[in-house]
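Single-structure report; data block below.
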Amino acid sequence: MQSHAKVVIVGGGMMGVGLAYHLAEEGWKDVVLIEKGELTSGSTWHAAGQCPSFISNYNMAKIHHYSNTLYPRLEELTGQPAGWHGCGGIRLATTQKEVDWFRHVAGFSANVGFHMEVIGPDRIKELNPWIETEGVLAGAYTNMDGHVDPTSACNAMAAGARQMGTSIIRHTRVTNITVLPSGEFEVQTDKGNITCEHAVNAAGCYAREVGKWVGVETPITNMEHQYLVTEPLEEFKDADFELPVMRDPATAGYYRQEQNAGLVGIYEHYGSREAWAGRGGFPEWDSENELFEGDIDRIAPWLEAALERMPIFANAGIKRIINGAIPHTPDGNPLVGPAPGLRNFWQCCGAAIGIAQGAGTGKYLAQWMVHGDSEINMHSIDPRRFGDYADPDYTRAKSFDDYENMFETPLPGREIHAGRPNRVTPLFEPLKAKGAVYTEVYGWERPKYFAPDGFEETLQYRRNNLFDIVASECKAVRERVGVMDLSSFAKFEVSGAGAEALLDGLTANKLPKKVGGINLTHVLSEGGRIEGEWTITRLADGHFYVLSGAGTERQALDQLAFGAGDDVVIANVTDDYGMLVVAGPKAREVLGPLTESDMTSASFRWLSGQEITIAGIPVRALRVNYVGELGWELHAPMANLATLYDAIWASGATYGIADFGVQAVNSLRMEKAYRGFAAELTNEITLIEADCERFYAPEKGDFTGRAATEKVRQQGIVTKLVYGEVAATDCDIYGGEAVMQGDKVVGVCTSGGYGHATSKSLAFAYVEPKETEGLEIVVLGERRAFTLLDEPAWDPTNARQKV
């Protein structure tokens with residue numbers, strides 16, 4: 001065994017092999033993959049091998065689509081058959097809400113690159129003559145996907161990786177990984193040790209334990225999943241075509257043809273089981289090709305429904321039952337990217353549908369490792385989207401919910417309550433008593449909207465009964481004053497002799513010069529792509545207060561810590577400080593009586609911060625907000641947050657103060673054309689493409705990403721962010737929708753919403769730079785005019801914030 005390598009990958013399933021193949025394709029040849037048994041001997045070998053194009057997450061759809069275009073070519077590329085069956089797939093809809101979901105996904109399918117049609121029952125019967133379509137309204141038909149033999153596909157990629165120079169070592173057990181003082185990793189095995197620059201956890205069902213070796217919590221739960229194969233069917237023997245893979249929410253699963261037999265897989269809605277539950281959910285180290293005893297009773301209700309849909313299956317005996325382990329994460333997406341707190345330790349695991357995702361995640365993670373950036377938005381699979389709150393109990397609760405709702409239609413507004421509440425402020429219960437409906441971000445509960453007693457949101461893709469409630473909250477902020485608990489922001493204190501140099505080198509904008517100054521700035525990769533958005537306040541010389549979005553707390557901490565020297569102190573004070581937003585034309589009148597500080601613009605200007613006392617409580621008051629009105633963010637000790645809120649509410653009663661939530665914030669920020677991180681601002685995009693050049697200060701000197709950004713400025717851009725009004729009547733933009741110019745797809749929407757103060761449906765989109773006329777957006781199957789706006793729909797001069 002060699003003693004050194006650039007990369008060591010632990011695990012030889014579809015995820016690890018997919019990464020090895022694509023690292024070699026990207027030019028990294030000095031890669032060693034170590035597998036304790038045979039390749040695929042964990043979860044890969046027993047998988048059913050479905051490869052759907054249809055998935056509601058736009059960026060996950062790109063991952064699936066890449067896999068579905070690679071697998072049919074693997075034999076040509078590597079000389080080894082991959083067992084690809086390009087039979088297509090159909091997902092059934094039995095409600096109008098599901099049909100709208102189909103239309104939403106169809107709207108971005110052309111942008112991703114796969115073909116999709118919403119078809120009726122007659123066409124479904126043409127493609128599958130043995131299905132009963134009673135109650136079926138439509139099908140989502142994707143003809144570029146199908147299923148693959150997992151073992152063959154994995155070994156074909158392994159063959160290709162070897163041909164490009166990768167070393168694959170089987171029957172060798174990794175026993176530990178040690179972080180060396182040099183920052184390298186010593187991977188210890190039962191046949192010798194390897195020192196490497198990069199280590200990758202692709203250990204599948206073992207990933208949680210492998211992560212512990214280097215102090216990394218890997219939030220996965222291994223679940224048992226069952227599918228059965230019938231005896232051969234004469235109908236299939238005589239057919240001259242292969243059935244599409246059928247997906248059916250009514251049966252909580254999938255069914256398809258397996259050679260001349262039938263295959264049925266079930267995700268039971270209740271009674272699901274953690275694999276190896278008696279061992280804490282972790283297999284024996286010497287476990288290979290392990291299956292569990294089949295349990296028909298556990299899946300019987302849904303199996304019966306599947307047999308009613310496909311009566312020919314009911315006439316066949318069961319040949320075998322496969323009950324094996326698959327890993328699930330709290331949100332169902334895999335863990336692909338940097339592990340928190342470590343340089344060059346990567347996660348490539350947690351894929352519940354790893355066959356469909358193995359090649360795609362391998363491609364985009366390889367890009368990230370080799371080039372520092374991926375060509376797609378990686379936020380939804382970045383392992384750092386989870387923090388310390390995602391402990392084993394939380395992870396287990398969420399993973400069970402994810403498994404049991406694999407075939408649930410992901411309607412906008414659906415809240416998953418498993419594992420909650422987790423991170424709460426002292427206002428959680430008081431606001432809940434006032435009607436707050438909460439949503440979760442990075443473990444935090446934050447108000448989504450405030451509803452009257454007995455209200456229940458009607459979940460659907462079209463505007464619903466929440467519309468007037470959000471309009472009322474927006475009206476309060478625009479016309480009077482609103483208050484919101486937004487304590488979920490990530491908050492850091494950065495101090496010391498080297499603090500200014502650290503922040504200056506990490507960010508693209510100038511730092512505030514004066515004490516109390518506030519600047520919005522961005523963290524860039526070496527390639528100039530956007531990795532973070534920070535608000536920085538200079539509290540004193542050598543002392544800064546850095547704010548980041550809730551979902552990027554771990555990324556921001558790593559960015560700060562990795563760049564800091566001994567002369568910098570970084571404190572994560574996220575849990576120490578709560579934060580209330582007080583915003584609206586009457587905000588000054590509300591706060592004025594509660595403080596001895598002068599709140600007028602002459603003494604407290606826009607985009608400045610002061611440490612003052614409000615209602616007797618020490619507060620970091622920042623005159624900035626995300627809703628575009630006169631207002632302040634009030635950062636106070638968490639223990640005093642409820643007292644501060646009560647004082648503000650009492651003072652605001654005269655002015656009609658109202659609570660508001662993040663649904664209203666989205667409407668208000670869209671009217672102000674404020675970009676959203678992970679939507680408009682992503683690792684795919686530079687500041688120039690995002691129309692954020694005003695936050696780029698090349699004259700300040702060198703900083704990470706400066707050279708690459710300058711290169712983009714000089715060479716020009718291939719996409720640009722635009723903002724405009726959509727001629728929508730009953731549905732607004734969610735993100736992912738295609739932007740059309742005639743018959744040509746010229747862009748993609750990133751986010752949108754209805755502006756209640758302006759009565760406009762608004763959207764952001766990235767489009768080809770020259771294509772700005774005659775644009776339309778595909779909204780639930782209908783083309784809607786998209787008229788670009790040169791300025792924000794609300795208060796384009798910021799006069800209301802500066803008053």
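Please note that chains go A, B, ... in the order of the structure tokens, that every chain numbers its residues from 1, and that ligands are numbered from 1 in the order shown.
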
For segment 644-676 of chain A versus segment 717-725 of chain A, which residues have an atom no more than 10 Å away, and what is each residue's nearest atom pair and distance in Å rounded to one decimal, using only C-alpha atoms, chain-then-number order, as CSV?
```
residue,atom,partner,partner_atom,distance
A:Met670,CA,A:Tyr723,CA,9.1
A:Glu671,CA,A:Gly724,CA,9.9
A:Ala673,CA,A:Tyr723,CA,7.1
A:Tyr674,CA,A:Tyr723,CA,9.9
A:Arg675,CA,A:Leu721,CA,9.7
```

Please produce an output containing C-alpha atoms for each residue in the selection, written as a short mmCIF file (atom, residue, chain, number, x, y, z; two decimals), in the first residue's frame.
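Output below, filename result_11.cif:
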```
data_model
loop_
_atom_site.label_atom_id
_atom_site.label_comp_id
_atom_site.auth_asym_id
_atom_site.auth_seq_id
_atom_site.Cartn_x
_atom_site.Cartn_y
_atom_site.Cartn_z
CA MET A 670 -39.06 41.47 -3.09
CA GLU A 671 -40.56 44.97 -3.37
CA ALA A 673 -35.32 44.03 -4.86
CA TYR A 674 -33.16 42.69 -2.03
CA ARG A 675 -31.28 39.59 -3.09
#
```

### Task
Can you pull out every residue within 6 Å of segment 204-215 of chain A, counting only C-alpha atoms, but drop anything in the same chain fewer than 4 positions away, and send it as number ranges by chain?
A: 177, 327, 349

### Query
What lies within 12 Å of Ala433 of chain A using only C-alpha atoms, ignoring chain neighbours under 4 positions off, as an MDAnalysis selection string?
chainID A and resid 427:429 437:438 447 450:453

Could you give me, as a Markdown table, a per-residue list for segment 346-404 of chain A showing, wherever an atom lies at most 12 Å from an atom of segment 517-531 of chain A, the closest pair of atoms and their distance in Å to one decimal, using only C-alpha atoms and sorting by chain then residue number from low to high?
```
| residue | atom | partner | partner_atom | distance |
| --- | --- | --- | --- | --- |
| A:Gln367 | CA | A:Gly527 | CA | 11.9 |
| A:Trp368 | CA | A:Ser525 | CA | 10.6 |
| A:Val370 | CA | A:Gly527 | CA | 11.6 |
| A:His371 | CA | A:Gly527 | CA | 7.9 |
| A:Gly372 | CA | A:Ser525 | CA | 6.8 |
| A:Asp373 | CA | A:Gly527 | CA | 7.1 |
| A:Ser374 | CA | A:Arg529 | CA | 9.4 |
| A:Glu375 | CA | A:Arg529 | CA | 9.9 |
| A:Ile376 | CA | A:Arg529 | CA | 11.2 |
| A:Asn377 | CA | A:Ile530 | CA | 10.4 |
| A:Met378 | CA | A:Glu531 | CA | 10.3 |
| A:His379 | CA | A:Glu531 | CA | 9.6 |
| A:Asp382 | CA | A:Glu531 | CA | 11.8 |
```

### Straight-line distance linking atom CA of Pro249 of chain A with atom CA of Ala93 of chain A, stated in Å to one decimal
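Atom-to-atom, atom CA of Pro249 of chain A to atom CA of Ala93 of chain A, that is 7.7 Å.
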
Mind the document's chain letters and residue numbers, and return as an mmCIF file with C-alpha atoms, in the first residue's frame the residues of segment 526-588 of chain A that DSSP labels helix (DSSP H, G or I).
```cif
data_model
loop_
_atom_site.group_PDB
_atom_site.id
_atom_site.type_symbol
_atom_site.label_atom_id
_atom_site.label_comp_id
_atom_site.auth_asym_id
_atom_site.auth_seq_id
_atom_site.Cartn_x
_atom_site.Cartn_y
_atom_site.Cartn_z
ATOM 1 C CA ALA A 550 -29.151 31.716 9.983
ATOM 2 C CA GLY A 551 -28.533 28.886 7.533
ATOM 3 C CA THR A 552 -24.872 29.830 7.071
ATOM 4 C CA GLU A 553 -23.793 29.944 10.708
ATOM 5 C CA ARG A 554 -21.358 27.040 10.337
ATOM 6 C CA GLN A 555 -19.965 28.223 7.004
ATOM 7 C CA ALA A 556 -19.337 31.714 8.369
ATOM 8 C CA LEU A 557 -17.633 30.369 11.476
ATOM 9 C CA ASP A 558 -15.321 28.228 9.349
ATOM 10 C CA GLN A 559 -14.544 31.118 7.002
ATOM 11 C CA LEU A 560 -13.564 33.289 9.943
ATOM 12 C CA ALA A 561 -11.678 30.617 11.860
ATOM 13 C CA PHE A 562 -9.719 29.246 8.895
ATOM 14 C CA GLY A 563 -8.366 32.697 8.085
ATOM 15 C CA ALA A 587 -40.569 53.054 14.441
ATOM 16 C CA ARG A 588 -38.893 56.178 15.812
#
```

### Message
I'd like the neighbourhood of Val745 of chain A as a list in words, where a residue qualifies if any of its atoms comes within 10 Å (using only C-alpha atoms), though same-chain residues fewer than 5 positions away should be ignored.
### Response
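With the cut-off at 10 Å, the set is Phe108, Ala110, Asn111, Ala738, Val739, Met740, Val767, Glu768, Leu775, Glu776 and Ile777 of chain A.
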
Show me, as a PDB file with N, CA and C atoms, in the first residue's frame, the residues that have an atom within 10 Å of Asp388 of chain A when counting only C-alpha atoms, minus same-chain residues fewer than 2 positions from it.
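Dumped to out_9.pdb:
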```pdb
ATOM      1  N   VAL A 216     -16.419  14.895  13.872  1.00  0.00           N
ATOM      2  CA  VAL A 216     -17.486  15.452  13.043  1.00  0.00           C
ATOM      3  C   VAL A 216     -18.770  14.660  13.271  1.00  0.00           C
ATOM      4  N   GLU A 217     -19.849  15.355  13.586  1.00  0.00           N
ATOM      5  CA  GLU A 217     -21.154  14.723  13.703  1.00  0.00           C
ATOM      6  C   GLU A 217     -21.766  14.610  12.304  1.00  0.00           C
ATOM      7  N   PRO A 219     -25.102  13.710  10.500  1.00  0.00           N
ATOM      8  CA  PRO A 219     -26.519  13.473  10.834  1.00  0.00           C
ATOM      9  C   PRO A 219     -27.216  12.548   9.841  1.00  0.00           C
ATOM     10  N   PRO A 340     -17.959  20.322   8.741  1.00  0.00           N
ATOM     11  CA  PRO A 340     -17.754  21.529   9.543  1.00  0.00           C
ATOM     12  C   PRO A 340     -16.510  21.441  10.408  1.00  0.00           C
ATOM     13  N   ARG A 384     -22.750  21.459   6.030  1.00  0.00           N
ATOM     14  CA  ARG A 384     -22.768  22.513   7.045  1.00  0.00           C
ATOM     15  C   ARG A 384     -24.131  23.186   7.168  1.00  0.00           C
ATOM     16  N   PHE A 386     -26.421  21.779   8.559  1.00  0.00           N
ATOM     17  CA  PHE A 386     -26.804  21.316   9.886  1.00  0.00           C
ATOM     18  C   PHE A 386     -25.745  21.740  10.895  1.00  0.00           C
ATOM     19  N   ALA A 390     -28.341  19.349  15.492  1.00  0.00           N
ATOM     20  CA  ALA A 390     -28.755  18.103  14.827  1.00  0.00           C
ATOM     21  C   ALA A 390     -28.101  16.914  15.511  1.00  0.00           C
ATOM     22  N   ASP A 391     -28.473  16.704  16.781  1.00  0.00           N
ATOM     23  CA  ASP A 391     -27.926  15.602  17.552  1.00  0.00           C
ATOM     24  C   ASP A 391     -28.629  14.303  17.146  1.00  0.00           C
ATOM     25  N   TYR A 442     -32.121  26.224  10.338  1.00  0.00           N
ATOM     26  CA  TYR A 442     -30.927  25.878  11.111  1.00  0.00           C
ATOM     27  C   TYR A 442     -31.273  25.561  12.569  1.00  0.00           C
ATOM     28  N   GLY A 443     -32.377  24.870  12.748  1.00  0.00           N
ATOM     29  CA  GLY A 443     -32.813  24.480  14.083  1.00  0.00           C
ATOM     30  C   GLY A 443     -33.621  25.529  14.814  1.00  0.00           C
ATOM     31  N   ARG A 554     -22.562  27.878  10.316  1.00  0.00           N
ATOM     32  CA  ARG A 554     -21.358  27.040  10.337  1.00  0.00           C
ATOM     33  C   ARG A 554     -20.375  27.454   9.255  1.00  0.00           C
TER      34      ARG A 554
END
```

#### Entry: Expected answer as a PyMOL selection string: strand (DSSP E) residues in segment 350-485 of chain A
chain A and resi 436-441+444-450+482-485

### Message
Using only C-alpha atoms for the distances, tell me which of A:Ala476, A:Ala728, A:Ala159, A:Leu127 is nearest to Gly652 of chain A.
### Response
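Ranked by minimum distance to Gly652 of chain A, first place goes to A:Ala476.
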
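Neighbouring residues of Gly135 of chain A at 12 Å or closer, counting only C-alpha atoms and skipping chain neighbours under 6 positions away, are Leu92, Ala93, Thr94, Thr95, Gln96, Gly120, Pro121, Asp248, Ala250 and Arg309 of chain A.
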
With N, CA and C atoms retained, could you export that selection as a tab-separated table (two decimals), in the first residue's frame?
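What follows is the written file selection10.tsv:
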```
chain	number	residue	atom	x	y	z
A	92	LEU	N	-47.80	9.33	-10.51
A	92	LEU	CA	-49.24	9.52	-10.59
A	92	LEU	C	-49.70	10.65	-9.68
A	93	ALA	N	-50.72	11.38	-10.14
A	93	ALA	CA	-51.36	12.42	-9.33
A	93	ALA	C	-52.83	12.08	-9.19
A	94	THR	N	-53.32	12.19	-7.97
A	94	THR	CA	-54.74	11.92	-7.72
A	94	THR	C	-55.46	13.15	-7.19
A	95	THR	N	-54.74	14.29	-7.06
A	95	THR	CA	-55.36	15.54	-6.63
A	95	THR	C	-54.88	16.67	-7.54
A	96	GLN	N	-55.64	17.75	-7.56
A	96	GLN	CA	-55.26	18.89	-8.39
A	96	GLN	C	-53.98	19.54	-7.87
A	120	GLY	N	-52.36	12.47	-19.40
A	120	GLY	CA	-53.63	12.05	-18.83
A	120	GLY	C	-53.72	10.54	-18.67
A	121	PRO	N	-54.83	10.07	-18.08
A	121	PRO	CA	-54.99	8.63	-17.81
A	121	PRO	C	-54.91	7.76	-19.07
A	248	ASP	N	-46.20	6.09	-7.07
A	248	ASP	CA	-47.60	6.24	-6.74
A	248	ASP	C	-47.76	6.63	-5.27
A	250	ALA	N	-50.33	6.98	-3.58
A	250	ALA	CA	-51.39	6.19	-2.92
A	250	ALA	C	-50.85	4.87	-2.38
A	309	ARG	N	-53.56	-1.33	-7.87
A	309	ARG	CA	-53.14	-0.56	-9.04
A	309	ARG	C	-52.64	-1.48	-10.16
```

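Residues lying within 12 Å of Gly656 of chain A, counting only C-alpha atoms and ignoring same-chain neighbours fewer than 4 positions away, are A:Ser472, A:Glu473, A:Lys475, A:Ala476, A:Val477, A:Arg478, A:Glu479, A:Arg480, A:Val481, A:Gly482, A:Val483, A:Gly584, A:Pro585, A:Lys586, A:Ala587, A:Glu589, A:Val590, A:Ile648, A:Trp649, A:Ala650, A:Ser651, A:Gly652.
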
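If you look at atom CA of Pro330 of chain A and atom CA of Gly419 of chain A, they are 9.2 Å away from each other.
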
### Query
In Å, how far is it from atom CA of Thr643 of chain A to atom CA of Ala615 of chain A?
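Those two atoms sit 8.2 Å apart.
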